[in-house]
Amino acid sequence: MRCFSTLLAAAVALPCLAADVRVPFEKYKLNNGLRVILSRDTSVPVVSIYVLYGVGARAEEKGRTGFAHLFEHMMFQGSANAPKGMHFKTVESNGGSLNGSTHPDFTDYYETLPANKLAVGLWLEADRMRSLAITQENLDNQKEAVKQERRLNFDNRPYNTAIVDKWPEVAFGNWQSSHSIIGSFEDLNAASVEDVAKFFKTYYAPNNAVLCVVGDLKPAEAKKWIETYFGDIPPQPQPRRPDLAEPADRSPRSEVYHDPHARVPAVIVGYPGPKRRSPDFYALLMADVLLTGGDSSRLQQSLVKGKQSVVQYEANLGWPFSGPADYQDPAVYAVFALHNPGFSGKQIVEQLQEEFDKLGAAPVDAKELERARTFLRAAQIRELQSTMARARLLAQHEYFDGDPGVLSTEIDRALAVTSAQIQAAAKKYLTAGKRAVLTIVPAPQAPAKEGP
Amino acid sequence: MRTVVLLLLGSVGAILGQDVDRSKPPETPPLGPFKLPARAEFALPNGLTVVAVRDERFPLVTARLAFGAGSRFDPKTQPGLAEGVAALLTEGTQGRKSRQIAEEAAEIGGSLSGSATPDALVIAGSALSEYTARLLDLMADVARNASFPADEVALYKQNRKQALLAQRSQSSYLASEKTEEIVFGDHPYARQHPTPESIDALQPEALAQFRDRLLRPNNAVLILIGKLPPQGELRKVLEARFGNWPKRDVPPAPTAPLPEPKRTITLVDRPGSVQADVHVGRLGLTRRDPEFFPLLVGNTVLGGGASSRLFNHIREEKGYAYAVYSYNEAHRDAALFSAAMQVRNEVVEDATRSLLAEMKRMAAEPVTADELSATKNYLSGNFVIRLQSQEALAAQIVNLKTMGLANDYLEMYTTRVRSTEPDQILKVARKVIAPDNSAIVVVGDAQKIKPALEKFGAVQVTPAH
């Protein structure tokens with residue numbers, strides 16, 4: 001990936017997305033391997049910068065859980081020319097907004113700024129890619145911040161511990177996928193400055209990153225800035241990808257979690273999903289729309305309305321950490337359902353399974369399928385409204401598929417799925433024989449676990 | 001922050017040279033003017049106000065039908081009535097069953113749902129723009145002809161109670177609920193949330209009565225954003241669906257005297273909490289208040305983002321909290337100003353002391369020139385960034401209309417932010433941000449944190465729901 005000449009690709013105007021939505025873009029690569037995507041849209045004078053690094057929680061080693069996320073915090077602690085606090089301050093005092101997030105297979109950093117501040121945002125991102133300040137003080141401070149985040153979002157809230165710590169253990173057989181994305185207090189405490197520095201050098205190299213800029217930009221000017229700020233950040237050997245292979249044995253499994261903060265019972269059911277962007281992937285994507293897309297979906301109509309057993313649900317390819325755009329196999333199609341306490345968790349699992357089996361057993365009515373297609377098409381267009389959403393999707397498709405243009409062609413492949421393909425996918429994937437189940441039981445009296 | 005001043009004075013040429021100084025943020029040109037998309041406003045003869053915004057970027061249409069009919073209209077014994085009406089409007093009409101409404105919404109690539117705020121009941125609809133007329137069919141039908149079928153009402157009650165249980169298992173929900181109760185006293189804004197008992201008591205008749213009284217064209221504004229037909233044609237489309245909807249006198253919004261802010265300390269006991277939600281709240285300022293913008297800017301300096309004082313001192317320097325912020329939640333006729341944080345049990349006393357000290361400092365010394373210019377940029381820039389989607393613009397226009405704001409409120413927003421002076425902030429901070437008369441509300445494990453809170457005065461403990 002390294003040391004190719006710049007400007008490999010010429011500008012590409014995309015064929016239109018269904019319903020006339022075009023997301024034009026230009027893609028090229030710097031000498032140091034940084035992949036760059038630019039997409040111009042002058043309708044609002046803002047610009048979004050999105051930087052994706054090809055490392056996430058699934059690359060962590062044993063004894064180092066939570067490292068990818070801890071590192072995400074470190075990225076806001078200052079760099080050679082932008083000392084601690086300056087990143088937030090610079091973005092916000094220039095009228096922008098920013099954030100970062102950690103995922104199983106990547107970590108991202110992003111800001112949206114008034115269009116005239118593009119150079120400032122690029123300068124900030126480049127400065128931390130080049131020269132992050134990895135000090136003991138910053139590390140200690142961020143360990144505390146992460147612990148506090150854990151207390152707030154997990155130890156003091158219903159469902160989150162079950163979803164983030166427990167569910168992956170049930171859904172996956174390979175430790176790389178099954179360990180907690182936020183990590184344990186013990187492992188966080190053990191992280192040393194040397195560990196962090198090594199992680200930075202290995203993974204936060206330009207050749208392991210994608211930079212995408214969308215909005216009111218002048219391409220020639222933007223390219224010049226990008227070359228100036230990022231061009232001479234040295235590349236590193238391409239990091240090894242973790243071995244994510246799941247054990248061949250996918251026998252069904254089921255566990256119970258007693259949640260001290262939950263007051264409404266819930267279940268999670270999941271099934272190993274297909275390979276990313278395989279024909280089955282699109283078939284299962286349409287199956288998900290039929291099952292859970294909007295108020296006319298099957299789960300809404302037969303379980304929430306008909307049986308009155310489920311109260312609320314969420315579902316996705318890759319739930320809870322990803323959706324169709326950033327789904328990376330091996331991953332799981334999962335449904336999370338809060339349910340009426342008048343039903344047992346077991347009954348809810350059976351009812352969900354019954355719906356999946358029904359989808360496998362009979363063809364989908366043409367009208368229902370057409371409705372699902374329209375629903376999906378509109379949802380995808382709606383998602384593209386903000387420059388940040390487009391920047392994120394273009395970069396993710398570049399990272400996962402090697403082609404940002406997938407953003408505009410993806411929808412056609414989903415819309416082309418036939419009833420027979422949906423039936424076959426439901427039968428192949430959503431079967432009880434491959435199912436993982438986590439039952440969440442409210443246990444309000446149990447003492448909460450206190451962190452060290 | 002110094003950088004901001006330099007940047008604004010700098011020239012664009014520097015960055016393009018070969019010898020770029022990468023040790024400093026680049027200098028950038030000033031931002032060109034930004035104009036909000038034009039809004040066309042007209043009314044149908046029955047009083048329905050229509051606001052239309054043309055947005056051709058995407059083949060989408062976003063609609064909001066907003067009524068002056070929020071939770072403040074709920075009878076005292078029936079909190080949750082407005083939100084119940086809102087939720088059930090889409091669950092069946094004289095001509096369409098719940099399922100049919102859901103299917104038709106999906107067929108046009110859209111969604112349809114109702115919700116209620118303290119001031120407004122809003123029907124939200126969206127579709128692919130080629131189906132604008134069908135979307136309006138659906139919206140008119142649910143607004144005018146909802147039938148509140150008994151089985152749908154029963155299911156709503158059952159599920160709403162479970163959802164309420166789930167909400168009440170979140171300490172932040174409990175903290176907001178208690179703070180509103182104390183700060184707004186007898187005013188209807190104190191009762192924004194249902195109780196299990198009030199949900200049980202919901203009857204289809206009460207729902208229909210609420211609808212008949214308040215969901216009237218002369219009490220509504222219809223906001224349309226997207227690829228719209230030309231205005232003449234749009235008028236015809238609207239006349240056909242809403243034209244014969246009879247107007248009717250609507251009762252004035254219920255109100256009550258607001259209590260004088262005073263210091264109380266209330267601890268909502270939540271055994272097993274590993275941390276405490278601390279809120280320091282009192283009456284704030286509405287958007288119509290002449291001092292609203294100074295408060296907006298001052299609040300942002302105090303606790304409105306990752307460069308704010310609270311974020312820097314309480315999260316970054318002291319490490320007490322992951323989340324710490326302040327806000328002025330403005331309703332039409334009253335507002336809640338509050339600073340809030342979630343801190344671990346061991347540091348409740350120190351963190352609360354720091355929080356109160358930062359609030360006091362706002363009232364004791366003027367904000368610095370750097371803070372002020374950075375905050376003005378932050379608010380102005382984010383205002384534009386947030387208007388990118390149709391949904392966000394629709395939400396702003398709903399606020400504008402349901403809170404009775406001047407029509408140029410959005411156009412003037414940035415100018416008003418930019419013209420705020422430090423002494424105006426100091427003045428409003430003495431009135432609103434200084435915490436001497438603020439109520440302290442804490443949700444947490446009383447056994448563990450009560451002694452820490454008693455350092456600040458007498459503590460009243462109440463059980464969590």
# chains A, B, ... in the order shown; residues from 1 in each chain; ligands from 1
call {"tool": "select_by_dssp", "arguments": {"residues": "region 66-163 of chain A", "states": "strand (DSSP E or B)", "output": "number ranges by chain"}}
result
A: 79, 97-102, 107-114, 132
call {"tool": "write_last_selection", "arguments": {"atoms": "N, CA and C atoms", "output": "mmCIF file, in the first residue's frame"}}
result
data_model
loop_
_atom_site.group_PDB
_atom_site.id
_atom_site.type_symbol
_atom_site.label_atom_id
_atom_site.label_comp_id
_atom_site.auth_asym_id
_atom_site.auth_seq_id
_atom_site.Cartn_x
_atom_site.Cartn_y
_atom_site.Cartn_z
ATOM 1 N N SER A 79 -0.814 17.196 20.934
ATOM 2 C CA SER A 79 0.261 16.745 20.055
ATOM 3 C C SER A 79 1.300 17.859 20.002
ATOM 4 N N SER A 97 -17.899 21.328 15.411
ATOM 5 C CA SER A 97 -18.219 20.284 16.380
ATOM 6 C C SER A 97 -17.346 19.084 16.049
ATOM 7 N N LEU A 98 -17.106 18.234 17.039
ATOM 8 C CA LEU A 98 -16.151 17.141 16.821
ATOM 9 C C LEU A 98 -16.487 15.962 17.704
ATOM 10 N N ASN A 99 -15.899 14.826 17.369
ATOM 11 C CA ASN A 99 -15.955 13.662 18.247
ATOM 12 C C ASN A 99 -15.072 12.562 17.690
ATOM 13 N N GLY A 100 -15.062 11.447 18.386
ATOM 14 C CA GLY A 100 -14.347 10.277 17.921
ATOM 15 C C GLY A 100 -15.083 9.068 18.455
ATOM 16 N N SER A 101 -14.895 7.901 17.850
ATOM 17 C CA SER A 101 -15.558 6.720 18.389
ATOM 18 C C SER A 101 -14.778 5.457 18.048
ATOM 19 N N THR A 102 -14.936 4.465 18.918
ATOM 20 C CA THR A 102 -14.198 3.220 18.767
ATOM 21 C C THR A 102 -15.157 2.114 18.336
ATOM 22 N N THR A 107 -11.373 2.882 14.236
ATOM 23 C CA THR A 107 -11.603 3.984 15.166
ATOM 24 C C THR A 107 -11.653 5.245 14.329
ATOM 25 N N ASP A 108 -12.587 6.140 14.648
ATOM 26 C CA ASP A 108 -12.702 7.319 13.795
ATOM 27 C C ASP A 108 -12.693 8.615 14.593
ATOM 28 N N TYR A 109 -12.269 9.672 13.921
ATOM 29 C CA TYR A 109 -12.140 11.017 14.496
ATOM 30 C C TYR A 109 -12.704 11.966 13.461
ATOM 31 N N TYR A 110 -13.515 12.905 13.916
ATOM 32 C CA TYR A 110 -14.173 13.725 12.906
ATOM 33 C C TYR A 110 -14.581 15.075 13.454
ATOM 34 N N GLU A 111 -14.639 16.040 12.561
ATOM 35 C CA GLU A 111 -15.115 17.362 12.919
ATOM 36 C C GLU A 111 -15.828 17.975 11.719
ATOM 37 N N THR A 112 -16.814 18.800 12.033
ATOM 38 C CA THR A 112 -17.457 19.616 11.012
ATOM 39 C C THR A 112 -17.154 21.062 11.361
ATOM 40 N N LEU A 113 -16.753 21.822 10.367
ATOM 41 C CA LEU A 113 -16.330 23.209 10.594
ATOM 42 C C LEU A 113 -16.969 24.125 9.562
ATOM 43 N N PRO A 114 -17.049 25.429 9.868
ATOM 44 C CA PRO A 114 -17.406 26.369 8.806
ATOM 45 C C PRO A 114 -16.389 26.196 7.670
ATOM 46 N N LEU A 132 1.518 12.643 18.294
ATOM 47 C CA LEU A 132 0.681 12.581 19.491
ATOM 48 C C LEU A 132 1.542 12.655 20.758
#
call {"tool": "residues_around", "arguments": {"residues": "Leu136 (chain B)", "least_positions_apart": "3", "cutoff": "9 Å", "atoms": "only C-alpha atoms", "output": "list in words"}}
result
Ala63, Gly125, Tyr131, Thr132, Ala133, Met139, Ala140, Asp141, Val237, Leu238 and Arg241 of chain B
call {"tool": "interface_residues", "arguments": {"of": "chain A", "to": "chain B", "cutoff": "6 Å", "atoms": "only C-alpha atoms", "output": "PyMOL selection string"}}
result
chain A and resi 81+88-89+92-96+116+120+145+148-149+156+263+295-296+311+371+374-375+378+385-386+447-448
call {"tool": "closest_residue", "arguments": {"among": "A:Val256, A:Val193, A:Val23, A:Val47", "to": "Gly345 (chain A)", "atoms": "only C-alpha atoms"}}
result
A:Val256
call {"tool": "residues_around", "arguments": {"residues": "Asp55 (chain B)", "least_positions_apart": "4", "cutoff": "8 Å", "atoms": "only C-alpha atoms", "output": "PyMOL selection string"}}
result
chain B and resi 37+225-228
call {"tool": "decode", "arguments": {"residues": "region 199-324 of chain B", "atoms": "C-alpha atoms", "output": "PDB file, in the first residue's frame"}}
result
ATOM      1  CA  ILE B 199     -51.378   5.918  32.349  1.00  0.00           C
ATOM      2  CA  ASP B 200     -53.846   3.433  33.851  1.00  0.00           C
ATOM      3  CA  ALA B 201     -56.494   6.125  33.943  1.00  0.00           C
ATOM      4  CA  LEU B 202     -56.239   7.057  30.229  1.00  0.00           C
ATOM      5  CA  GLN B 203     -59.590   6.654  28.451  1.00  0.00           C
ATOM      6  CA  PRO B 204     -60.400   6.966  24.741  1.00  0.00           C
ATOM      7  CA  GLU B 205     -62.992   9.650  25.563  1.00  0.00           C
ATOM      8  CA  ALA B 206     -60.425  11.874  27.266  1.00  0.00           C
ATOM      9  CA  LEU B 207     -58.090  11.467  24.323  1.00  0.00           C
ATOM     10  CA  ALA B 208     -60.788  12.394  21.811  1.00  0.00           C
ATOM     11  CA  GLN B 209     -61.855  15.348  23.918  1.00  0.00           C
ATOM     12  CA  PHE B 210     -58.304  16.685  24.060  1.00  0.00           C
ATOM     13  CA  ARG B 211     -58.100  16.333  20.291  1.00  0.00           C
ATOM     14  CA  ASP B 212     -61.445  18.055  19.691  1.00  0.00           C
ATOM     15  CA  ARG B 213     -60.561  20.958  21.948  1.00  0.00           C
ATOM     16  CA  LEU B 214     -57.028  21.641  20.818  1.00  0.00           C
ATOM     17  CA  LEU B 215     -56.183  20.074  17.465  1.00  0.00           C
ATOM     18  CA  ARG B 216     -57.703  22.851  15.398  1.00  0.00           C
ATOM     19  CA  PRO B 217     -56.389  24.534  12.240  1.00  0.00           C
ATOM     20  CA  ASN B 218     -56.328  27.941  13.915  1.00  0.00           C
ATOM     21  CA  ASN B 219     -54.092  26.437  16.645  1.00  0.00           C
ATOM     22  CA  ALA B 220     -51.681  24.823  14.201  1.00  0.00           C
ATOM     23  CA  VAL B 221     -48.803  25.465  11.881  1.00  0.00           C
ATOM     24  CA  LEU B 222     -47.885  23.160   9.007  1.00  0.00           C
ATOM     25  CA  ILE B 223     -44.217  23.182   8.068  1.00  0.00           C
ATOM     26  CA  LEU B 224     -43.134  21.682   4.740  1.00  0.00           C
ATOM     27  CA  ILE B 225     -39.516  21.368   3.661  1.00  0.00           C
ATOM     28  CA  GLY B 226     -38.253  19.716   0.508  1.00  0.00           C
ATOM     29  CA  LYS B 227     -38.809  19.415  -3.197  1.00  0.00           C
ATOM     30  CA  LEU B 228     -42.223  21.046  -3.165  1.00  0.00           C
ATOM     31  CA  PRO B 229     -44.666  21.817  -5.968  1.00  0.00           C
ATOM     32  CA  PRO B 230     -44.986  25.490  -7.024  1.00  0.00           C
ATOM     33  CA  GLN B 231     -46.871  27.569  -4.484  1.00  0.00           C
ATOM     34  CA  GLY B 232     -50.137  27.801  -6.392  1.00  0.00           C
ATOM     35  CA  GLU B 233     -50.293  24.058  -6.781  1.00  0.00           C
ATOM     36  CA  LEU B 234     -49.222  23.511  -3.168  1.00  0.00           C
ATOM     37  CA  ARG B 235     -52.070  25.706  -1.970  1.00  0.00           C
ATOM     38  CA  LYS B 236     -54.537  23.590  -3.934  1.00  0.00           C
ATOM     39  CA  VAL B 237     -53.123  20.378  -2.513  1.00  0.00           C
ATOM     40  CA  LEU B 238     -53.431  21.803   0.998  1.00  0.00           C
ATOM     41  CA  GLU B 239     -56.911  23.271   0.479  1.00  0.00           C
ATOM     42  CA  ALA B 240     -58.149  19.865  -0.626  1.00  0.00           C
ATOM     43  CA  ARG B 241     -56.943  18.183   2.561  1.00  0.00           C
ATOM     44  CA  PHE B 242     -57.153  20.837   5.246  1.00  0.00           C
ATOM     45  CA  GLY B 243     -59.484  23.479   3.745  1.00  0.00           C
ATOM     46  CA  ASN B 244     -62.769  22.236   5.216  1.00  0.00           C
ATOM     47  CA  TRP B 245     -61.334  21.579   8.666  1.00  0.00           C
ATOM     48  CA  PRO B 246     -63.449  23.850  10.862  1.00  0.00           C
ATOM     49  CA  LYS B 247     -61.804  26.407  13.081  1.00  0.00           C
ATOM     50  CA  ARG B 248     -62.860  26.669  16.681  1.00  0.00           C
ATOM     51  CA  ASP B 249     -61.919  28.795  19.677  1.00  0.00           C
ATOM     52  CA  VAL B 250     -59.105  27.220  21.577  1.00  0.00           C
ATOM     53  CA  PRO B 251     -58.671  27.615  25.338  1.00  0.00           C
ATOM     54  CA  PRO B 252     -55.665  29.632  26.516  1.00  0.00           C
ATOM     55  CA  ALA B 253     -52.617  27.734  27.708  1.00  0.00           C
ATOM     56  CA  PRO B 254     -52.967  26.838  31.411  1.00  0.00           C
ATOM     57  CA  THR B 255     -50.545  28.604  33.657  1.00  0.00           C
ATOM     58  CA  ALA B 256     -49.795  29.189  37.346  1.00  0.00           C
ATOM     59  CA  PRO B 257     -47.493  31.470  39.304  1.00  0.00           C
ATOM     60  CA  LEU B 258     -43.909  30.243  39.316  1.00  0.00           C
ATOM     61  CA  PRO B 259     -42.310  29.702  42.716  1.00  0.00           C
ATOM     62  CA  GLU B 260     -39.535  32.004  43.891  1.00  0.00           C
ATOM     63  CA  PRO B 261     -36.220  30.127  43.414  1.00  0.00           C
ATOM     64  CA  LYS B 262     -34.649  29.023  46.701  1.00  0.00           C
ATOM     65  CA  ARG B 263     -31.933  26.699  47.904  1.00  0.00           C
ATOM     66  CA  THR B 264     -33.131  23.221  48.819  1.00  0.00           C
ATOM     67  CA  ILE B 265     -31.200  19.964  48.751  1.00  0.00           C
ATOM     68  CA  THR B 266     -33.115  16.909  47.659  1.00  0.00           C
ATOM     69  CA  LEU B 267     -31.614  13.446  47.534  1.00  0.00           C
ATOM     70  CA  VAL B 268     -33.515  10.872  45.494  1.00  0.00           C
ATOM     71  CA  ASP B 269     -32.398   7.586  46.978  1.00  0.00           C
ATOM     72  CA  ARG B 270     -31.349   5.003  44.398  1.00  0.00           C
ATOM     73  CA  PRO B 271     -29.689   2.156  46.287  1.00  0.00           C
ATOM     74  CA  GLY B 272     -26.897   0.470  44.364  1.00  0.00           C
ATOM     75  CA  SER B 273     -25.937   3.563  42.366  1.00  0.00           C
ATOM     76  CA  VAL B 274     -22.180   3.604  41.783  1.00  0.00           C
ATOM     77  CA  GLN B 275     -22.335   7.281  41.060  1.00  0.00           C
ATOM     78  CA  ALA B 276     -24.467  10.319  41.698  1.00  0.00           C
ATOM     79  CA  ASP B 277     -26.381  12.558  39.291  1.00  0.00           C
ATOM     80  CA  VAL B 278     -26.053  16.083  40.650  1.00  0.00           C
ATOM     81  CA  HIS B 279     -28.275  18.851  39.243  1.00  0.00           C
ATOM     82  CA  VAL B 280     -28.169  22.473  40.387  1.00  0.00           C
ATOM     83  CA  GLY B 281     -31.240  24.094  38.904  1.00  0.00           C
ATOM     84  CA  ARG B 282     -33.520  27.135  39.053  1.00  0.00           C
ATOM     85  CA  LEU B 283     -35.753  29.177  36.778  1.00  0.00           C
ATOM     86  CA  GLY B 284     -33.963  30.267  33.604  1.00  0.00           C
ATOM     87  CA  LEU B 285     -35.001  32.608  30.789  1.00  0.00           C
ATOM     88  CA  THR B 286     -37.333  32.087  27.861  1.00  0.00           C
ATOM     89  CA  ARG B 287     -36.267  32.815  24.285  1.00  0.00           C
ATOM     90  CA  ARG B 288     -38.391  35.940  24.301  1.00  0.00           C
ATOM     91  CA  ASP B 289     -36.562  37.380  27.285  1.00  0.00           C
ATOM     92  CA  PRO B 290     -34.349  40.342  26.321  1.00  0.00           C
ATOM     93  CA  GLU B 291     -31.529  38.735  28.278  1.00  0.00           C
ATOM     94  CA  PHE B 292     -31.854  35.332  26.602  1.00  0.00           C
ATOM     95  CA  PHE B 293     -28.849  35.753  24.325  1.00  0.00           C
ATOM     96  CA  PRO B 294     -26.480  36.924  27.083  1.00  0.00           C
ATOM     97  CA  LEU B 295     -27.578  33.871  29.075  1.00  0.00           C
ATOM     98  CA  LEU B 296     -27.101  31.600  26.049  1.00  0.00           C
ATOM     99  CA  VAL B 297     -23.548  32.849  25.555  1.00  0.00           C
ATOM    100  CA  GLY B 298     -22.751  32.833  29.288  1.00  0.00           C
ATOM    101  CA  ASN B 299     -24.142  29.344  29.708  1.00  0.00           C
ATOM    102  CA  THR B 300     -22.016  28.136  26.828  1.00  0.00           C
ATOM    103  CA  VAL B 301     -18.879  29.588  28.440  1.00  0.00           C
ATOM    104  CA  LEU B 302     -19.821  27.822  31.663  1.00  0.00           C
ATOM    105  CA  GLY B 303     -20.904  24.403  30.465  1.00  0.00           C
ATOM    106  CA  GLY B 304     -21.792  24.265  26.791  1.00  0.00           C
ATOM    107  CA  GLY B 305     -19.202  22.074  25.157  1.00  0.00           C
ATOM    108  CA  ALA B 306     -15.759  20.558  25.346  1.00  0.00           C
ATOM    109  CA  SER B 307     -14.049  23.924  25.773  1.00  0.00           C
ATOM    110  CA  SER B 308     -16.345  25.073  28.556  1.00  0.00           C
ATOM    111  CA  ARG B 309     -15.178  25.826  32.080  1.00  0.00           C
ATOM    112  CA  LEU B 310     -17.078  22.916  33.604  1.00  0.00           C
ATOM    113  CA  PHE B 311     -15.719  20.440  31.080  1.00  0.00           C
ATOM    114  CA  ASN B 312     -12.175  21.638  31.590  1.00  0.00           C
ATOM    115  CA  HIS B 313     -12.148  21.969  35.347  1.00  0.00           C
ATOM    116  CA  ILE B 314     -14.390  19.142  36.463  1.00  0.00           C
ATOM    117  CA  ARG B 315     -13.716  16.539  33.779  1.00  0.00           C
ATOM    118  CA  GLU B 316     -10.289  17.255  32.343  1.00  0.00           C
ATOM    119  CA  GLU B 317      -8.414  18.731  35.331  1.00  0.00           C
ATOM    120  CA  LYS B 318     -10.050  17.053  38.297  1.00  0.00           C
ATOM    121  CA  GLY B 319     -11.313  13.902  36.608  1.00  0.00           C
ATOM    122  CA  TYR B 320     -14.453  13.926  38.785  1.00  0.00           C
ATOM    123  CA  ALA B 321     -16.943  13.316  36.024  1.00  0.00           C
ATOM    124  CA  TYR B 322     -17.227  12.006  32.491  1.00  0.00           C
ATOM    125  CA  ALA B 323     -20.307  14.086  31.776  1.00  0.00           C
ATOM    126  CA  VAL B 324     -20.656  17.656  33.073  1.00  0.00           C
TER     127      VAL B 324
END
